[in-house]
>>> print(open('start_22.txt').read())   # compact mmCIF, C-alpha atoms and all ligand atoms
# COMPACT_ATOMS: atom_id res chain seq x y z
CA MET A 1 -23.64 -24.79 13.80
CA THR A 2 -20.41 -26.61 14.37
CA ALA A 3 -17.26 -24.61 15.02
CA ALA A 4 -15.70 -25.83 11.76
CA ILE A 5 -18.56 -24.46 9.63
CA ALA A 6 -18.52 -21.17 11.57
CA ILE A 7 -14.76 -20.82 10.97
CA ILE A 8 -15.19 -21.51 7.24
CA LEU A 9 -18.01 -18.96 7.01
CA SER A 10 -15.92 -16.39 8.89
CA ALA A 11 -12.99 -16.97 6.51
CA LEU A 12 -15.32 -16.62 3.51
CA ALA A 13 -16.84 -13.42 4.90
CA MET A 14 -13.37 -11.91 5.49
CA THR A 15 -12.26 -12.90 1.98
CA LEU A 16 -15.30 -11.10 0.57
CA ILE A 17 -14.68 -8.04 2.74
CA VAL A 18 -10.99 -7.84 1.73
CA GLY A 19 -11.83 -8.40 -1.96
CA ILE A 20 -14.61 -5.82 -2.04
CA ARG A 21 -12.52 -3.33 -0.04
CA TYR A 22 -9.76 -3.77 -2.64
CA LEU A 23 -12.13 -3.28 -5.61
CA ILE A 24 -13.71 -0.17 -4.07
CA SER A 25 -10.46 1.48 -2.93
CA SER A 26 -8.36 0.67 -6.01
CA GLY A 27 -11.33 1.46 -8.28
CA ALA A 28 -11.87 4.83 -6.60
CA PHE A 29 -8.20 5.81 -6.89
CA ALA A 30 -8.04 4.55 -10.49
CA LEU A 31 -10.99 6.82 -11.26
CA ALA A 32 -9.29 9.70 -9.45
CA THR A 33 -6.18 9.02 -11.56
CA ARG A 34 -8.24 9.25 -14.73
CA ALA A 35 -9.55 12.65 -13.60
CA VAL A 36 -6.28 14.08 -12.25
CA ARG A 37 -3.70 12.49 -14.60
CA PRO A 38 -5.61 11.63 -17.79
CA GLY A 39 -3.80 9.05 -19.89
CA LEU A 40 -1.44 7.90 -17.11
CA TYR A 41 -2.68 4.30 -17.40
CA THR A 42 -3.05 4.31 -21.19
CA GLY A 43 -1.86 1.05 -22.76
CA LEU A 44 -1.77 -0.72 -19.38
CA ASP A 45 -5.09 -2.60 -19.75
CA LYS A 46 -3.46 -6.01 -19.92
CA GLN A 47 -1.26 -5.29 -16.91
CA ILE A 48 -4.26 -3.96 -14.95
CA ARG A 49 -6.23 -7.18 -15.62
CA ARG A 50 -3.27 -9.14 -14.26
CA GLU A 51 -3.01 -6.87 -11.22
CA ILE A 52 -6.71 -7.38 -10.45
CA ALA A 53 -6.50 -11.19 -10.83
CA TRP A 54 -3.47 -11.52 -8.50
CA SER A 55 -5.03 -9.07 -6.03
CA LEU A 56 -8.30 -11.01 -5.83
CA ALA A 57 -6.33 -14.23 -5.23
CA SER A 58 -4.47 -12.38 -2.46
CA ALA A 59 -7.85 -11.39 -0.95
CA ALA A 60 -8.50 -15.06 -0.10
CA ILE A 61 -5.02 -15.47 1.37
CA TYR A 62 -5.53 -12.37 3.52
CA GLY A 63 -9.13 -13.30 4.33
CA ILE A 64 -8.58 -16.83 5.65
CA PRO A 65 -6.23 -16.13 8.61
CA ALA A 66 -8.15 -12.93 9.39
CA GLY A 67 -11.44 -14.88 9.38
CA VAL A 68 -10.10 -17.63 11.66
CA VAL A 69 -8.69 -15.09 14.15
CA ALA A 70 -11.91 -13.00 14.02
CA TRP A 71 -13.91 -16.13 14.85
CA GLY A 72 -11.58 -16.96 17.75
CA TRP A 73 -11.80 -13.38 19.04
CA GLN A 74 -15.61 -13.46 19.00
CA ASN A 75 -16.16 -17.01 20.23
CA ARG A 76 -13.14 -18.11 22.23
CA GLY A 77 -11.73 -14.92 23.67
CA TRP A 78 -8.55 -15.23 21.61
CA THR A 79 -6.44 -12.15 20.90
CA LEU A 80 -5.72 -8.93 22.82
CA ILE A 81 -8.32 -6.93 20.83
CA TYR A 82 -10.50 -4.94 23.26
CA SER A 83 -13.74 -3.08 22.64
CA ASP A 84 -14.10 -1.15 25.93
CA LEU A 85 -12.45 2.17 25.15
CA HIS A 86 -11.34 2.56 28.78
CA ALA A 87 -9.74 -0.83 29.17
CA PHE A 88 -6.43 0.98 28.53
CA PRO A 89 -5.53 4.66 29.01
CA LEU A 90 -6.62 6.85 26.06
CA TRP A 91 -3.01 7.76 25.22
CA TYR A 92 -2.49 4.11 24.40
CA LEU A 93 -4.80 4.42 21.35
CA PRO A 94 -2.37 6.40 19.16
CA LEU A 95 0.57 4.50 20.66
CA SER A 96 -1.01 1.15 19.70
CA VAL A 97 -1.58 2.40 16.12
CA LEU A 98 2.09 3.44 15.92
CA LEU A 99 3.26 0.10 17.38
CA TYR A 100 1.26 -1.82 14.77
CA LEU A 101 2.57 0.33 11.92
CA VAL A 102 6.19 0.06 13.10
CA ALA A 103 5.92 -3.71 13.63
CA HIS A 104 4.29 -4.23 10.23
CA ASP A 105 6.84 -1.96 8.56
CA THR A 106 9.74 -3.87 10.16
CA TRP A 107 8.35 -7.25 9.07
CA PHE A 108 7.68 -5.90 5.58
CA TYR A 109 11.14 -4.37 5.17
CA TRP A 110 13.03 -7.54 6.07
CA THR A 111 10.77 -10.01 4.22
CA HIS A 112 10.80 -7.66 1.22
CA ARG A 113 14.60 -7.52 1.22
CA TRP A 114 14.69 -11.30 1.48
CA MET A 115 12.30 -11.58 -1.48
CA HIS A 116 14.78 -9.63 -3.58
CA ARG A 117 17.27 -12.50 -3.29
CA PRO A 118 17.39 -14.28 -6.66
CA ALA A 119 15.47 -17.47 -5.78
CA PRO A 120 12.50 -15.97 -3.88
CA PHE A 121 12.39 -13.14 -6.43
CA ARG A 122 12.01 -15.54 -9.35
CA LEU A 123 9.60 -17.74 -7.43
CA ALA A 124 7.32 -15.07 -5.98
CA HIS A 125 8.21 -11.38 -5.89
CA ALA A 126 8.57 -11.06 -9.69
CA VAL A 127 4.76 -11.07 -9.84
CA HIS A 128 4.62 -7.76 -7.98
CA HIS A 129 7.42 -6.24 -10.07
CA ALA A 130 5.71 -7.20 -13.34
CA SER A 131 3.79 -3.96 -12.76
CA ARG A 132 5.94 -1.49 -14.71
CA PRO A 133 4.91 1.16 -13.88
CA PRO A 134 2.48 0.07 -11.14
CA THR A 135 -1.10 1.34 -11.06
CA ALA A 136 -3.68 1.79 -8.29
CA TRP A 137 -4.78 -1.81 -9.02
CA ALA A 138 -1.36 -3.23 -8.01
CA ALA A 139 -2.05 -2.73 -4.28
CA MET A 140 -2.41 -6.48 -3.60
CA ALA A 141 -0.85 -7.89 -6.77
CA PHE A 142 1.32 -10.48 -5.05
CA HIS A 143 2.22 -14.09 -5.68
CA PRO A 144 0.44 -16.31 -3.08
CA ILE A 145 3.73 -16.91 -1.22
CA GLU A 146 4.28 -13.18 -0.83
CA ALA A 147 0.60 -12.62 0.03
CA LEU A 148 0.97 -15.21 2.80
CA THR A 149 3.93 -13.35 4.34
CA GLY A 150 1.76 -10.22 4.42
CA ALA A 151 -1.44 -11.97 5.52
CA ILE A 152 -0.07 -13.36 8.79
CA VAL A 153 1.26 -10.07 10.20
CA ILE A 154 -1.85 -8.43 11.65
CA PRO A 155 -3.49 -11.74 12.74
CA ALA A 156 -0.24 -12.54 14.62
CA LEU A 157 0.17 -9.06 16.12
CA VAL A 158 -3.31 -9.10 17.71
CA PHE A 159 -2.02 -11.91 19.97
CA VAL A 160 0.96 -9.83 21.08
CA ILE A 161 0.03 -6.12 21.16
CA PRO A 162 -3.27 -5.07 22.79
CA VAL A 163 -5.38 -2.95 20.44
CA HIS A 164 -8.82 -1.34 20.54
CA VAL A 165 -11.06 -2.65 17.77
CA GLY A 166 -11.42 0.93 16.39
CA ALA A 167 -7.63 1.46 16.39
CA LEU A 168 -7.25 -1.85 14.56
CA ALA A 169 -9.78 -0.71 11.94
CA PHE A 170 -7.75 2.51 11.61
CA VAL A 171 -4.53 0.52 11.06
CA LEU A 172 -6.25 -1.59 8.38
CA GLY A 173 -7.54 1.63 6.76
CA ILE A 174 -4.01 3.08 6.61
CA MET A 175 -2.74 -0.24 5.22
CA THR A 176 -5.32 -0.12 2.41
CA LEU A 177 -4.84 3.58 1.67
CA MET A 178 -1.03 3.37 1.49
CA GLY A 179 -1.11 0.10 -0.47
CA VAL A 180 -3.16 1.78 -3.18
CA THR A 181 -1.71 5.29 -3.22
CA ASN A 182 1.94 4.11 -3.12
CA HIS A 183 1.38 2.37 -6.47
CA MET A 184 -0.79 4.99 -8.11
CA GLY A 185 1.93 6.78 -10.09
CA TRP A 186 1.34 10.27 -8.67
CA GLU A 187 1.34 12.01 -5.31
CA ILE A 188 -2.03 12.46 -3.65
CA PHE A 189 -0.53 13.92 -0.47
CA PRO A 190 0.30 17.62 -0.11
CA ARG A 191 3.78 18.57 -1.17
CA PHE A 192 4.92 19.58 2.34
CA LEU A 193 4.31 16.02 3.49
CA TRP A 194 6.59 14.21 1.06
CA ARG A 195 9.03 17.05 0.25
CA GLY A 196 9.32 18.45 3.77
CA PRO A 197 10.98 17.06 6.90
CA LEU A 198 8.16 14.53 7.49
CA GLY A 199 8.74 13.12 4.01
CA ALA A 200 12.27 12.24 5.06
CA TRP A 201 10.73 9.59 7.33
CA LEU A 202 7.40 8.69 5.69
CA ILE A 203 6.91 6.63 2.56
CA THR A 204 4.54 7.85 -0.13
CA ALA A 205 4.20 7.15 -3.86
CA SER A 206 7.37 8.99 -4.97
CA HIS A 207 9.44 6.76 -2.68
CA HIS A 208 7.86 3.41 -3.58
CA GLN A 209 7.76 4.24 -7.30
CA ARG A 210 11.55 4.35 -7.15
CA HIS A 211 11.58 0.83 -5.74
CA HIS A 212 9.57 -0.34 -8.75
CA ALA A 213 11.92 1.51 -11.10
CA GLU A 214 15.27 0.51 -9.57
CA TYR A 215 14.48 -2.65 -7.54
CA ARG A 216 17.43 -2.66 -5.12
CA CYS A 217 16.44 0.26 -2.91
CA ASN A 218 13.52 1.77 -0.98
CA TYR A 219 12.18 -1.48 0.47
CA GLY A 220 10.06 0.02 3.27
CA LEU A 221 6.30 0.12 3.67
CA TYR A 222 5.32 3.12 5.85
CA PHE A 223 8.55 4.54 7.22
CA ARG A 224 12.01 5.19 5.78
CA PHE A 225 13.68 4.25 9.09
CA TRP A 226 15.01 0.81 8.06
CA ASP A 227 15.99 1.95 4.57
CA ARG A 228 17.96 4.85 6.01
CA LEU A 229 19.53 2.74 8.76
CA CYS A 230 20.59 0.01 6.31
CA GLY A 231 21.72 2.35 3.52
CA THR A 232 19.04 1.19 1.07
CA ASP A 233 17.25 4.54 0.81
CA ARG A 234 17.83 6.32 -2.49
CA GLY A 235 15.36 9.11 -1.83
CA ILE A 236 12.15 9.87 -3.61
CA GLY A 237 11.74 8.87 -7.22
CA GLY A 238 11.84 10.65 -10.52
CA PHE A 239 8.19 10.73 -11.41
CA ALA A 240 7.59 13.55 -8.97
CA ASP A 241 10.48 15.50 -10.50
CA GLY A 242 9.31 14.66 -14.02
CA GLU A 243 5.87 15.83 -13.08
CA ASP A 244 7.28 19.08 -11.74
CA ARG A 245 9.39 19.53 -14.87
CA ARG A 246 6.38 19.04 -17.14
CA ARG A 247 4.42 21.56 -15.13
CA VAL A 248 7.24 24.11 -15.32
CA VAL A 249 7.61 23.60 -19.09
CA ALA A 250 3.84 23.85 -19.61
CA GLY A 251 3.74 26.97 -17.43
CA ARG A 252 6.55 28.61 -19.42
CA ALA A 253 4.88 27.76 -22.74
CA ALA A 254 1.59 29.22 -21.52
CA ALA A 255 3.35 32.40 -20.35
CA ARG A 256 5.12 32.77 -23.73
CA GLY A 257 1.83 32.23 -25.54
CA SER A 258 0.08 34.98 -23.61
CA THR A 259 2.85 37.59 -24.05
CA ARG A 260 4.05 36.88 -27.58
CA HIS A 261 1.94 35.82 -30.51
CA GLN A 262 3.77 33.75 -33.10
CA PRO A 263 1.91 33.81 -36.43
CA GLY A 264 1.10 30.41 -37.88
CA ARG A 265 2.01 28.60 -34.64
CA GLN A 266 0.08 27.30 -31.71
CA PRO A 267 1.12 29.17 -28.57
ZN ZN A 301 5.07 -2.21 -4.82
ZN ZN A 302 10.24 -5.38 -4.38
>>> encode(input="start_22.txt", output="structure tokens")
Amino acid sequence: MTAAIAIILSALAMTLIVGIRYLISSGAFALATRAVRPGLYTGLDKQIRREIAWSLASAAIYGIPAGVVAWGWQNRGWTLIYSDLHAFPLWYLPLSVLLYLVAHDTWFYWTHRWMHRPAPFRLAHAVHHASRPPTAWAAMAFHPIEALTGAIVIPALVFVIPVHVGALAFVLGIMTLMGVTNHMGWEIFPRFLWRGPLGAWLITASHHQRHHAEYRCNYGLYFRFWDRLCGTDRGIGGFADGEDRRRVVAGRAAARGSTRHQPGRQP
């Protein structure tokens, strides 16, 4: 088999993997949404079909550079990906994960801010913001230009920062998980994580939802560091508060209903 055919097959395989990973992860969290927040996506069928179509197109854009680099790693010794666990000290494993997340977050923050300038917004980023409010299916709903800016990050980083193949898989897992859950419309993480001191630095759904609601704030991907440093952080969004309010109101109504019976009325 010539190298060209092998590269094409590798790119196709990666496109399939990214596409199927998207369908499984977004599908699973959409199902979870239906169970946990029934009706949250009601009336959004048309938007969801759009989100899926753009996301599957993005799968090819993510899959091609990943496939080429994976081929080079396997056949030409490209990249600094290592598979011998002891090639680097063990403490480097978590450090490498953090380095990848910080590097990706930095790239994302600045390209994302750039894409909010009028011309690139109209040309590309408007596709992502057409999700109002976003759903679990919006994880990869990007215009091809925006998908390309995201697709080159990890394939470029593996030439710069050494990483164990397992740590790299972990980074890709976090990328998928946060991409889906940040758009889901509700918090899957425990309250202490996003309300507590950690939440002041980590981005979860309540933070990114505010970006989709207000546009010119909360640009980050994983960490609030750049947003806070550059004064673009407006804190976590209203859906969490709205959710809490609804729960409080429902709780009060239930308490009233159990202590006081009002004839002719539903408690
Ligand atoms: Zn988004
Ligand atoms: Zn944006």
>>> residues_near_ligand(input="start_22.txt", ligand="ligand ZN 301 (chain A)", cutoff="12 Å", atoms="only C-alpha atoms and all ligand atoms", output="count of residues only")
50
>>> closest_residue(input="start_22.txt", among="A:Ile52, A:Ile236, A:Ala124, A:Ile174", to="ligand ZN 302 (chain A)", atoms="all atoms listed in the file")
A:Ala124
>>> closest_residue(input="start_22.txt", among="A:Val68, A:Ile188, A:Cys230, A:Ala119", to="Ala4 of chain A", atoms="all atoms listed in the file")
A:Val68
>>> closest_residue(input="start_22.txt", among="A:Met115, A:Ala3, A:Ala57, A:Leu40", to="ligand ZN 302 (chain A)", atoms="only C-alpha atoms and all ligand atoms")
A:Met115
>>> residues_around(input="start_22.txt", residues="Leu80 of chain A", least_positions_apart="4", cutoff="8 Å", atoms="only C-alpha atoms", output="PyMOL selection string")
chain A and resi 158-163
>>> closest_residue(input="start_22.txt", among="A:Ile61, A:Arg195, A:Leu56, A:Tyr22", to="Ala147 of chain A", atoms="all atoms listed in the file")
A:Ile61
>>> closest_residue(input="start_22.txt", among="A:Pro120, A:Gly72, A:Pro65, A:Gly27", to="ligand ZN 302 (chain A)", atoms="only C-alpha atoms and all ligand atoms")
A:Pro120
>>> residues_near_point(input="start_22.txt", point="(-7.9, 1.7, 14.2)", cutoff="12 Å", atoms="all atoms listed in the file", output="list in words")
Ile81, Tyr82, Ser83, Leu85, Tyr92, Leu93, Pro94, Leu95, Ser96, Val97, Leu98, Leu99, Tyr100, Leu101, Pro162, Val163, His164, Val165, Gly166, Ala167, Leu168, Ala169, Phe170, Val171, Leu172, Gly173, Ile174 and Met175 of chain A
>>> closest_residue(input="start_22.txt", among="A:Arg228, A:Phe189, A:Trp110, A:Gly199", to="ligand ZN 302 (chain A)", atoms="all atoms listed in the file")
A:Trp110
>>> atom_distance(input="start_22.txt", atom1="atom CA of Ser25 of chain A", atom2="atom CA of Val102 of chain A")
23.2 Å
>>> atom_distance(input="start_22.txt", atom1="atom CA of Arg50 of chain A", atom2="atom CA of Arg122 of chain A")
17.3 Å
>>> atom_distance(input="start_22.txt", atom1="atom CA of Pro197 of chain A", atom2="atom CA of Arg234 of chain A")
15.8 Å
>>> axis_aligned_box(input="start_22.txt", around="segment 99-113 of chain A", padding_each_side="6 Å", output="AutoDock Vina command-line options")
--center_x 7.9 --center_y -4.8 --center_z 9.3 --size_x 25.3 --size_y 22.3 --size_z 28.2
>>> residues_near_point(input="start_22.txt", point="(-6.3, -13.8, 12.4)", cutoff="10 Å", atoms="all atoms listed in the file", output="PyMOL selection string")
chain A and resi 11+62-73+78-79+151-159
>>> residues_around(input="start_22.txt", residues="Val36 of chain A", least_positions_apart="5", cutoff="10 Å", atoms="only C-alpha atoms", output="list of chain:residue names")
A:Ala30, A:Leu31, A:Trp186, A:Ile188
>>> build_atoms(input="start_22.txt", residues="segment 46-63 of chain A", atoms="N, CA and C atoms", output="JSON list (two decimals), in the frame of the given file")
[["chain", "number", "residue", "atom", "x", "y", "z"],
["A", 46, "LYS", "N", -3.81, -4.62, -20.15],
["A", 46, "LYS", "CA", -3.46, -6.01, -19.92],
["A", 46, "LYS", "C", -2.81, -6.18, -18.53],
["A", 47, "GLN", "N", -1.92, -5.25, -18.22],
["A", 47, "GLN", "CA", -1.26, -5.29, -16.91],
["A", 47, "GLN", "C", -2.28, -5.12, -15.79],
["A", 48, "ILE", "N", -3.24, -4.21, -15.99],
["A", 48, "ILE", "CA", -4.26, -3.96, -14.95],
["A", 48, "ILE", "C", -5.11, -5.22, -14.72],
["A", 49, "ARG", "N", -5.45, -5.94, -15.79],
["A", 49, "ARG", "CA", -6.23, -7.18, -15.62],
["A", 49, "ARG", "C", -5.44, -8.20, -14.79],
["A", 50, "ARG", "N", -4.14, -8.26, -15.03],
["A", 50, "ARG", "CA", -3.27, -9.14, -14.26],
["A", 50, "ARG", "C", -3.23, -8.71, -12.79],
["A", 51, "GLU", "N", -3.07, -7.39, -12.60],
["A", 51, "GLU", "CA", -3.01, -6.87, -11.22],
["A", 51, "GLU", "C", -4.28, -7.21, -10.45],
["A", 52, "ILE", "N", -5.43, -7.10, -11.13],
["A", 52, "ILE", "CA", -6.71, -7.38, -10.45],
["A", 52, "ILE", "C", -6.81, -8.88, -10.12],
["A", 53, "ALA", "N", -6.40, -9.74, -11.06],
["A", 53, "ALA", "CA", -6.50, -11.19, -10.83],
["A", 53, "ALA", "C", -5.63, -11.61, -9.64],
["A", 54, "TRP", "N", -4.36, -11.16, -9.62],
["A", 54, "TRP", "CA", -3.47, -11.52, -8.50],
["A", 54, "TRP", "C", -4.00, -10.94, -7.19],
["A", 55, "SER", "N", -4.54, -9.71, -7.26],
["A", 55, "SER", "CA", -5.03, -9.07, -6.03],
["A", 55, "SER", "C", -6.23, -9.81, -5.46],
["A", 56, "LEU", "N", -7.12, -10.29, -6.33],
["A", 56, "LEU", "CA", -8.30, -11.01, -5.83],
["A", 56, "LEU", "C", -7.88, -12.36, -5.24],
["A", 57, "ALA", "N", -6.84, -12.99, -5.83],
["A", 57, "ALA", "CA", -6.33, -14.23, -5.23],
["A", 57, "ALA", "C", -5.74, -13.92, -3.86],
["A", 58, "SER", "N", -5.04, -12.78, -3.76],
["A", 58, "SER", "CA", -4.47, -12.38, -2.46],
["A", 58, "SER", "C", -5.57, -12.15, -1.43],
["A", 59, "ALA", "N", -6.74, -11.67, -1.89],
["A", 59, "ALA", "CA", -7.85, -11.39, -0.95],
["A", 59, "ALA", "C", -8.20, -12.64, -0.16],
["A", 60, "ALA", "N", -8.18, -13.80, -0.81],
["A", 60, "ALA", "CA", -8.50, -15.06, -0.10],
["A", 60, "ALA", "C", -7.40, -15.39, 0.90],
["A", 61, "ILE", "N", -6.14, -15.14, 0.48],
["A", 61, "ILE", "CA", -5.02, -15.47, 1.37],
["A", 61, "ILE", "C", -5.00, -14.55, 2.59],
["A", 62, "TYR", "N", -5.41, -13.29, 2.39],
["A", 62, "TYR", "CA", -5.53, -12.37, 3.52],
["A", 62, "TYR", "C", -6.77, -12.70, 4.35],
["A", 63, "GLY", "N", -7.85, -13.11, 3.65],
["A", 63, "GLY", "CA", -9.13, -13.30, 4.33],
["A", 63, "GLY", "C", -9.17, -14.50, 5.24]]
